[in-house]
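J.: Data: entry-v8.cif, mmCIF, C-alpha atoms and all ligand atoms.
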```
data_final
#
loop_
_atom_site.label_atom_id
_atom_site.label_comp_id
_atom_site.auth_asym_id
_atom_site.auth_seq_id
_atom_site.Cartn_x
_atom_site.Cartn_y
_atom_site.Cartn_z
CA MET A 8 245.84 72.75 7.92
CA ILE A 9 242.97 75.22 7.49
CA LYS A 10 240.46 76.24 10.09
CA CYS A 11 237.54 78.66 9.83
CA GLU A 12 235.94 79.55 13.12
CA ASP A 13 232.59 81.30 13.41
CA LEU A 14 232.90 83.35 10.21
CA TYR A 15 230.51 86.19 9.51
CA LYS A 16 230.45 88.16 6.28
CA ALA A 17 227.79 90.52 5.02
CA PHE A 18 227.60 92.84 1.99
CA GLY A 19 225.44 95.75 3.09
CA SER A 20 222.31 94.20 4.53
CA LYS A 21 222.93 90.88 2.75
CA VAL A 22 224.31 88.38 5.24
CA VAL A 23 226.29 85.70 3.38
CA LEU A 24 228.27 83.91 6.11
CA ALA A 25 226.66 83.69 9.54
CA GLY A 26 228.78 81.57 11.84
CA ALA A 27 230.47 79.21 9.40
CA ASN A 28 232.88 76.63 10.87
CA LEU A 29 235.10 74.37 8.82
CA GLU A 30 238.30 72.42 9.41
CA ILE A 31 240.42 70.89 6.67
CA LYS A 32 243.14 68.39 7.52
CA GLU A 33 246.51 68.16 5.81
CA GLY A 34 246.28 66.13 2.61
CA GLU A 35 242.52 66.08 2.70
CA SER A 36 240.24 66.70 -0.26
CA MET A 37 237.37 68.76 1.14
CA THR A 38 234.40 69.76 -0.98
CA VAL A 39 232.00 72.53 -0.08
CA ILE A 40 228.57 72.07 -1.64
CA GLY A 41 225.61 74.42 -1.65
CA GLY A 42 223.22 76.20 -3.97
CA SER A 43 224.12 79.07 -6.29
CA GLY A 44 224.72 82.31 -4.43
CA VAL A 45 224.90 80.63 -1.03
CA GLY A 46 228.41 82.01 -0.38
CA LYS A 47 230.79 79.24 -1.45
CA SER A 48 233.13 81.55 -3.37
CA VAL A 49 232.93 84.13 -0.58
CA LEU A 50 234.09 81.44 1.85
CA ILE A 51 237.23 80.60 -0.10
CA LYS A 52 237.96 84.27 -0.79
CA ASN A 53 238.00 84.73 2.97
CA ILE A 54 240.42 81.82 3.36
CA ILE A 55 242.96 83.35 0.97
CA GLY A 56 242.43 86.83 2.36
CA LEU A 57 240.82 88.36 -0.75
CA LEU A 58 237.89 89.23 1.50
CA LYS A 59 238.03 89.99 5.21
CA PRO A 60 235.44 88.41 7.50
CA ASP A 61 233.33 90.79 9.61
CA LYS A 62 233.83 88.41 12.51
CA GLY A 63 235.50 85.07 13.14
CA LYS A 64 238.96 83.62 12.64
CA ILE A 65 240.80 81.86 9.84
CA TRP A 66 243.99 79.86 10.27
CA VAL A 67 246.13 78.52 7.46
CA GLU A 68 248.91 76.27 8.80
CA ASN A 69 248.77 77.95 12.23
CA THR A 70 248.91 81.45 10.75
CA LEU A 71 245.98 83.64 11.73
CA VAL A 72 244.98 85.13 8.36
CA ASN A 73 242.92 87.93 9.95
CA ASP A 74 246.05 89.67 11.24
CA LEU A 75 248.09 89.64 8.04
CA ASN A 76 248.99 92.81 6.16
CA GLU A 77 248.97 92.97 2.37
CA SER A 78 252.56 91.82 1.95
CA ASP A 79 252.05 88.82 4.30
CA LEU A 80 248.82 88.00 2.48
CA ARG A 81 250.72 87.87 -0.80
CA LYS A 82 253.13 85.39 0.79
CA LEU A 83 250.21 83.36 2.16
CA ARG A 84 248.63 83.18 -1.29
CA MET A 85 251.80 81.58 -2.65
CA LYS A 86 250.78 78.46 -0.70
CA PHE A 87 247.61 78.26 -2.77
CA GLY A 88 247.01 77.24 -6.33
CA MET A 89 243.64 78.29 -7.58
CA LEU A 90 241.48 77.07 -10.42
CA PHE A 91 239.00 79.85 -10.95
CA GLN A 92 235.43 79.46 -12.07
CA TYR A 93 235.50 79.94 -15.90
CA ALA A 94 239.26 79.15 -15.84
CA ALA A 95 240.04 82.92 -16.12
CA LEU A 96 242.99 82.62 -18.49
CA PHE A 97 244.65 85.72 -19.92
CA ASP A 98 243.30 85.83 -23.47
CA SER A 99 246.21 87.83 -24.85
CA LEU A 100 248.80 85.35 -23.53
CA SER A 101 249.59 81.96 -25.02
CA VAL A 102 248.95 78.78 -23.05
CA GLY A 103 252.65 78.58 -22.17
CA GLU A 104 252.71 82.22 -21.03
CA ASN A 105 249.56 81.68 -18.96
CA VAL A 106 251.10 78.74 -17.10
CA ALA A 107 254.43 80.57 -16.73
CA PHE A 108 252.82 83.79 -15.49
CA ALA A 109 253.39 83.39 -11.72
CA LEU A 110 256.74 81.65 -12.27
CA ASN A 111 258.01 84.69 -14.16
CA ARG A 112 256.69 87.10 -11.57
CA HIS A 113 257.42 85.35 -8.31
CA THR A 114 260.40 83.05 -8.80
CA LYS A 115 264.04 83.38 -9.80
CA LEU A 116 263.92 80.31 -12.04
CA SER A 117 265.79 80.60 -15.35
CA GLN A 118 263.83 80.75 -18.61
CA LYS A 119 264.87 77.16 -19.34
CA GLU A 120 263.66 75.98 -15.90
CA ILE A 121 260.38 77.82 -16.39
CA LYS A 122 259.92 76.32 -19.84
CA ASP A 123 260.52 72.81 -18.45
CA ARG A 124 258.17 73.38 -15.50
CA VAL A 125 255.44 74.64 -17.86
CA THR A 126 255.80 71.56 -20.05
CA ASP A 127 255.74 69.31 -16.95
CA CYS A 128 252.58 70.92 -15.61
CA LEU A 129 250.83 70.76 -18.98
CA ASN A 130 251.80 67.09 -19.38
CA MET A 131 250.48 66.36 -15.88
CA VAL A 132 247.03 67.52 -16.98
CA GLY A 133 247.25 65.56 -20.23
CA LEU A 134 248.20 68.39 -22.59
CA PHE A 135 251.14 68.02 -24.97
CA GLY A 136 252.65 70.58 -27.34
CA VAL A 137 249.97 73.23 -26.77
CA GLU A 138 252.22 75.97 -25.35
CA HIS A 139 251.90 78.17 -28.45
CA LEU A 140 248.07 78.06 -28.65
CA PHE A 141 245.88 80.91 -27.40
CA PRO A 142 242.86 80.52 -25.06
CA ALA A 143 240.44 81.36 -27.89
CA GLU A 144 241.64 78.25 -29.73
CA LEU A 145 240.83 75.92 -26.81
CA SER A 146 237.68 73.99 -25.92
CA GLY A 147 236.08 74.48 -22.48
CA GLY A 148 237.65 71.32 -21.12
CA MET A 149 241.10 72.28 -22.41
CA LYS A 150 240.79 75.73 -20.84
CA LYS A 151 240.06 74.09 -17.49
CA ARG A 152 243.08 71.88 -17.90
CA VAL A 153 245.32 74.84 -18.73
CA GLY A 154 243.84 76.56 -15.65
CA LEU A 155 244.79 73.47 -13.65
CA ALA A 156 248.33 73.48 -15.05
CA ARG A 157 248.62 77.14 -14.07
CA ALA A 158 247.26 76.36 -10.58
CA ILE A 159 249.96 73.76 -9.92
CA ALA A 160 252.84 75.65 -11.56
CA MET A 161 254.05 77.22 -8.30
CA ARG A 162 253.91 73.81 -6.55
CA PRO A 163 251.36 74.96 -4.00
CA LYS A 164 250.52 73.03 -0.81
CA ILE A 165 246.84 73.79 -1.14
CA LEU A 166 244.68 73.71 -4.25
CA LEU A 167 241.39 75.55 -4.50
CA TYR A 168 238.95 74.54 -7.19
CA ASP A 169 235.97 76.82 -7.76
CA GLU A 170 233.31 74.93 -9.74
CA PRO A 171 235.85 72.84 -11.70
CA THR A 172 233.21 70.89 -13.65
CA THR A 173 230.52 73.53 -14.12
CA GLY A 174 229.70 74.09 -17.78
CA LEU A 175 231.43 70.91 -18.98
CA ASP A 176 229.70 67.91 -20.54
CA PRO A 177 229.57 64.81 -18.29
CA ILE A 178 232.50 63.07 -19.98
CA MET A 179 234.75 66.10 -19.82
CA ALA A 180 233.62 66.69 -16.24
CA ASP A 181 234.65 63.14 -15.36
CA ALA A 182 238.04 63.67 -17.00
CA ILE A 183 238.55 66.77 -14.82
CA ASN A 184 237.49 64.78 -11.73
CA ASN A 185 240.07 62.13 -12.57
CA LEU A 186 242.71 64.83 -12.98
CA ILE A 187 241.86 66.31 -9.58
CA ILE A 188 242.27 62.86 -8.01
CA ARG A 189 245.53 62.25 -9.86
CA LEU A 190 246.98 65.63 -8.83
CA LYS A 191 246.12 64.89 -5.20
CA GLU A 192 247.95 61.55 -5.38
CA LYS A 193 250.95 62.91 -7.25
CA LEU A 194 251.40 66.23 -5.49
CA GLN A 195 250.00 65.25 -2.06
CA VAL A 196 248.18 68.55 -1.83
CA THR A 197 245.38 69.59 0.46
CA SER A 198 242.42 70.74 -1.58
CA ILE A 199 239.16 72.59 -1.26
CA THR A 200 236.66 72.21 -4.06
CA ILE A 201 233.52 74.20 -4.42
CA THR A 202 230.76 72.67 -6.46
CA HIS A 203 227.09 71.95 -6.79
CA ASP A 204 227.88 68.91 -8.97
CA MET A 205 227.20 65.94 -6.69
CA VAL A 206 228.67 63.38 -9.09
CA SER A 207 231.95 65.27 -8.84
CA ALA A 208 231.64 65.81 -5.07
CA TYR A 209 231.14 62.10 -4.37
CA LYS A 210 233.99 61.12 -6.63
CA ILE A 211 236.80 63.46 -5.58
CA SER A 212 236.15 64.12 -1.87
CA ASP A 213 237.47 62.69 1.36
CA ARG A 214 234.83 64.78 3.10
CA ILE A 215 231.96 66.99 1.96
CA ALA A 216 230.61 70.04 3.82
CA MET A 217 227.30 71.68 3.01
CA LEU A 218 226.93 75.45 3.25
CA TYR A 219 223.40 76.71 3.80
CA GLU A 220 222.14 80.04 5.16
CA GLY A 221 225.63 81.12 6.16
CA LYS A 222 226.58 78.01 8.10
CA ILE A 223 228.18 74.65 7.44
CA ILE A 224 225.19 72.52 8.36
CA GLU A 225 226.82 69.12 7.90
CA VAL A 226 230.26 67.59 7.25
CA GLY A 227 230.86 63.96 6.41
CA THR A 228 232.38 61.41 4.09
CA PRO A 229 230.63 60.95 0.73
CA GLY A 230 228.95 57.83 2.19
CA GLU A 231 227.72 59.75 5.22
CA ILE A 232 226.45 62.66 3.12
CA LYS A 233 224.61 60.28 0.80
CA LYS A 234 222.79 58.81 3.78
CA SER A 235 222.27 62.11 5.61
CA GLN A 236 218.96 62.48 7.42
CA ASN A 237 219.27 66.28 7.52
CA PRO A 238 216.33 67.38 5.34
CA TYR A 239 218.31 70.25 3.78
CA VAL A 240 221.26 68.05 2.89
CA LYS A 241 218.96 65.30 1.67
CA GLN A 242 217.10 67.69 -0.63
CA PHE A 243 220.29 69.18 -2.04
CA VAL A 244 222.15 65.97 -2.74
CA THR A 245 219.15 64.34 -4.38
CA GLY A 246 218.46 67.52 -6.38
CA SER A 247 214.80 67.76 -5.48
CA ALA A 248 212.55 70.80 -5.72
CA GLU A 249 210.50 69.29 -2.88
CA GLY A 250 211.82 70.02 0.60
CA PRO A 251 212.67 72.75 3.09
CA ILE A 252 215.10 74.65 0.79
CA LYS A 253 213.20 77.47 -0.81
CA THR A 254 213.05 77.34 -4.62
CA VAL A 255 211.27 79.38 -7.26
CA SER A 256 207.58 79.79 -6.45
CA LEU A 257 205.25 78.28 -9.03
CA GLU A 258 202.23 79.91 -7.45
CA GLY A 259 199.99 81.62 -9.99
CA ILE A 260 201.43 79.79 -13.02
N1 LIG B 301 232.22 91.55 -3.52
C1 LIG B 301 230.91 91.41 -3.32
N2 LIG B 301 230.12 92.48 -3.08
C2 LIG B 301 228.81 92.34 -2.84
N3 LIG B 301 228.15 91.16 -2.81
C3 LIG B 301 228.87 90.06 -3.04
C4 LIG B 301 230.29 90.12 -3.31
N4 LIG B 301 230.73 88.86 -3.49
C5 LIG B 301 229.66 88.06 -3.33
N5 LIG B 301 228.54 88.77 -3.07
C6 LIG B 301 227.22 88.21 -2.82
O1 LIG B 301 227.36 87.15 -1.92
C7 LIG B 301 226.48 86.09 -2.24
C8 LIG B 301 227.26 84.79 -2.35
O2 LIG B 301 228.09 84.84 -3.48
P1 LIG B 301 229.05 83.65 -3.90
O3 LIG B 301 229.94 83.28 -2.78
O4 LIG B 301 229.70 84.07 -5.16
O5 LIG B 301 228.02 82.47 -4.17
P2 LIG B 301 228.32 80.99 -4.69
O6 LIG B 301 227.89 80.08 -3.58
O7 LIG B 301 227.46 80.80 -5.90
O8 LIG B 301 229.77 80.89 -4.99
C9 LIG B 301 225.78 86.47 -3.53
O9 LIG B 301 224.50 86.95 -3.21
C10 LIG B 301 226.63 87.58 -4.08
O10 LIG B 301 225.86 88.49 -4.80
MG MG B 302 230.82 80.72 -6.75
#
```
Represent the structure contained in this file as structure tokens.
T.:
Amino acid sequence: MIKCEDLYKAFGSKVVLAGANLEIKEGESMTVIGGSGVGKSVLIKNIIGLLKPDKGKIWVENTLVNDLNESDLRKLRMKFGMLFQYAALFDSLSVGENVAFALNRHTKLSQKEIKDRVTDCLNMVGLFGVEHLFPAELSGGMKKRVGLARAIAMRPKILLYDEPTTGLDPIMADAINNLIIRLKEKLQVTSITITHDMVSAYKISDRIAMLYEGKIIEVGTPGEIKKSQNPYVKQFVTGSAEGPIKTVSLEGI
């Protein structure tokens, strides 16, 4: 469904991706884990063509993304629904208008069809009768759910979740994890989730890939990742300051 082959991406002298390889099968829930600033968001921006790799190839359903012009990229992006980090709702639009945004812009559905689709999508994420509210009136968890409703509004084949549980309390985070699982079952989508929340990663993933120093250093099922003998993976998934991954130096304190 999606294949990244030998991706390189640098910003000035800062090398972010340095030979990253990743394959995602149709219907699979793939999670990319890795520390803050390691390049997880850069990786998915390359997949949807918001960033161009310096080197390497990206295929989405047998289309080579590298070669696409802006108008083809816009078409490609219609296959994706995206839940952005921080939900990224339009503050001046109501919940209903937020969810309807792409439907109004990119479809020929009637206003009645759009209204029904918006209600459907909101109900699917457990929200009822909130169309008239504004983002400022919502809690963090509700904002994420509205973001999710907006992500599925165009009935995408692929869902991208960037840090879906970051900043939420553990109970709300679990509710979002359950929603991600339910949407996968109901909509049969392929998904890529980016997170450093291992509770979430273990729960929602068919496979987990770890990004470190520009490369995917290991891919496996949650069970395999839990038991990984790779010292970098082991340190990350157990959340330990002790290990080969460099952390803040405490020298001199
Ligand atoms: N558009 C950009 N221009 C310059 N540097 C960027 C840009 N996007 C990301 N970076 C840098 O790339 C690195 C990885 O960023 P990112 O993918 O956002 O990390 P994360 O793994 O936390 O999602 C960071 O050091 C960031 O500063
Ligand atoms: Mg990020």
J.: List every residue of range 97-181 of chain A that has an atom at most 8 Å from any atom of range 200-220 of chain A, giving for each one its closest atom pair and the distance in Å to one decimal, counting all atoms listed in the file, sorted by chain and then by ascending residue number, as JSON lines.
T.:
```
{"residue": "A:Leu167", "atom": "CA", "partner": "A:Thr200", "partner_atom": "CA", "distance": 5.8}
{"residue": "A:Tyr168", "atom": "CA", "partner": "A:Thr200", "partner_atom": "CA", "distance": 4.5}
{"residue": "A:Asp169", "atom": "CA", "partner": "A:Ile201", "partner_atom": "CA", "distance": 4.9}
{"residue": "A:Glu170", "atom": "CA", "partner": "A:Thr202", "partner_atom": "CA", "distance": 4.7}
{"residue": "A:Pro171", "atom": "CA", "partner": "A:Thr202", "partner_atom": "CA", "distance": 7.3}
{"residue": "A:Thr172", "atom": "CA", "partner": "A:Asp204", "partner_atom": "CA", "distance": 7.4}
{"residue": "A:Thr173", "atom": "CA", "partner": "A:Asp204", "partner_atom": "CA", "distance": 7.4}
{"residue": "A:Ala180", "atom": "CA", "partner": "A:Ser207", "partner_atom": "CA", "distance": 7.7}
{"residue": "A:Asp181", "atom": "CA", "partner": "A:Ser207", "partner_atom": "CA", "distance": 7.4}
```
J.: As an exercise, work out the distance from atom C7 of ligand LIG 301 (chain B) to CA of Leu50 in chain A in Å and give it to one decimal place.
T.: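 Interatomic distance here is 9.8 Å.
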J.: Using all atoms listed in the file, which residues have at least one atom no more than 8 Å from ligand MG 302 (chain B)? Output them as a list in words.
T.: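 Checked against 8 Å with all atoms listed in the file; the hits are Ser43, Gly44, Gly46, Lys47, Ser48, Val49, Gln92, Asp169, Glu170 and Ile201 of chain A.
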J.: Which value, in Å to one decimal, gives the distance between CA of Leu75 in chain A and CA of Met89 in chain A?
T.: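 Those two atoms sit 19.8 Å apart.
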J.: Adding 8 Å on each side of the box along x, y and z that holds all listed atoms of ligand LIG 301 (chain B), could you give its centre and edge lengths in Å to one decimal, as lines of an AutoDock Vina configuration file?
T.:
```
center_x = 228.4
center_y = 86.3
center_z = -3.9
size_x = 23.7
size_y = 28.4
size_z = 20.0
```
J.: To one decimal place, how far is CA of Arg124 in chain A from CA of Leu186 in chain A in Å?
T.: 17.8 Å
J.: Contacts of range 97-108 of chain A at 7 Å or less, counting only C-alpha atoms, minus same-chain residues fewer than 3 places along, as a short mmCIF file (atom, residue, chain, number, x, y, z; two decimals) with C-alpha atoms, in the coordinates of the input?
T.:
```cif
data_model
loop_
_atom_site.label_atom_id
_atom_site.label_comp_id
_atom_site.auth_asym_id
_atom_site.auth_seq_id
_atom_site.Cartn_x
_atom_site.Cartn_y
_atom_site.Cartn_z
CA ASN A 111 258.01 84.69 -14.16
CA ARG A 112 256.69 87.10 -11.57
CA ILE A 121 260.38 77.82 -16.39
CA VAL A 125 255.44 74.64 -17.86
CA VAL A 137 249.97 73.23 -26.77
CA GLU A 138 252.22 75.97 -25.35
CA HIS A 139 251.90 78.17 -28.45
CA LEU A 140 248.07 78.06 -28.65
CA PHE A 141 245.88 80.91 -27.40
CA PRO A 142 242.86 80.52 -25.06
CA ALA A 143 240.44 81.36 -27.89
CA VAL A 153 245.32 74.84 -18.73
CA ALA A 156 248.33 73.48 -15.05
CA ARG A 157 248.62 77.14 -14.07
CA ALA A 160 252.84 75.65 -11.56
#
```
J.: Kindly indicate which residue among A:Leu175, A:Leu29, A:Ala248, A:Ile51 lies nearest to Phe91 in chain A, using only C-alpha atoms for the distances.
T.: A:Ile51
J.: Mind listing as a ChimeraX atom specification all residues within 8 Å of (229.8, 82.8, 9.7), counting all atoms listed in the file?
T.: /A:12-16,23-28,62-63,221-222
J.: Of the candidates A:Asn73, A:Thr126, A:Ser20, A:Ser36, which shows the shortest atom-to-atom distance to Gly227 in chain A, using all atoms listed in the file?
T.: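 Among the listed residues, the smallest separation from Gly227 in chain A belongs to A:Ser36.
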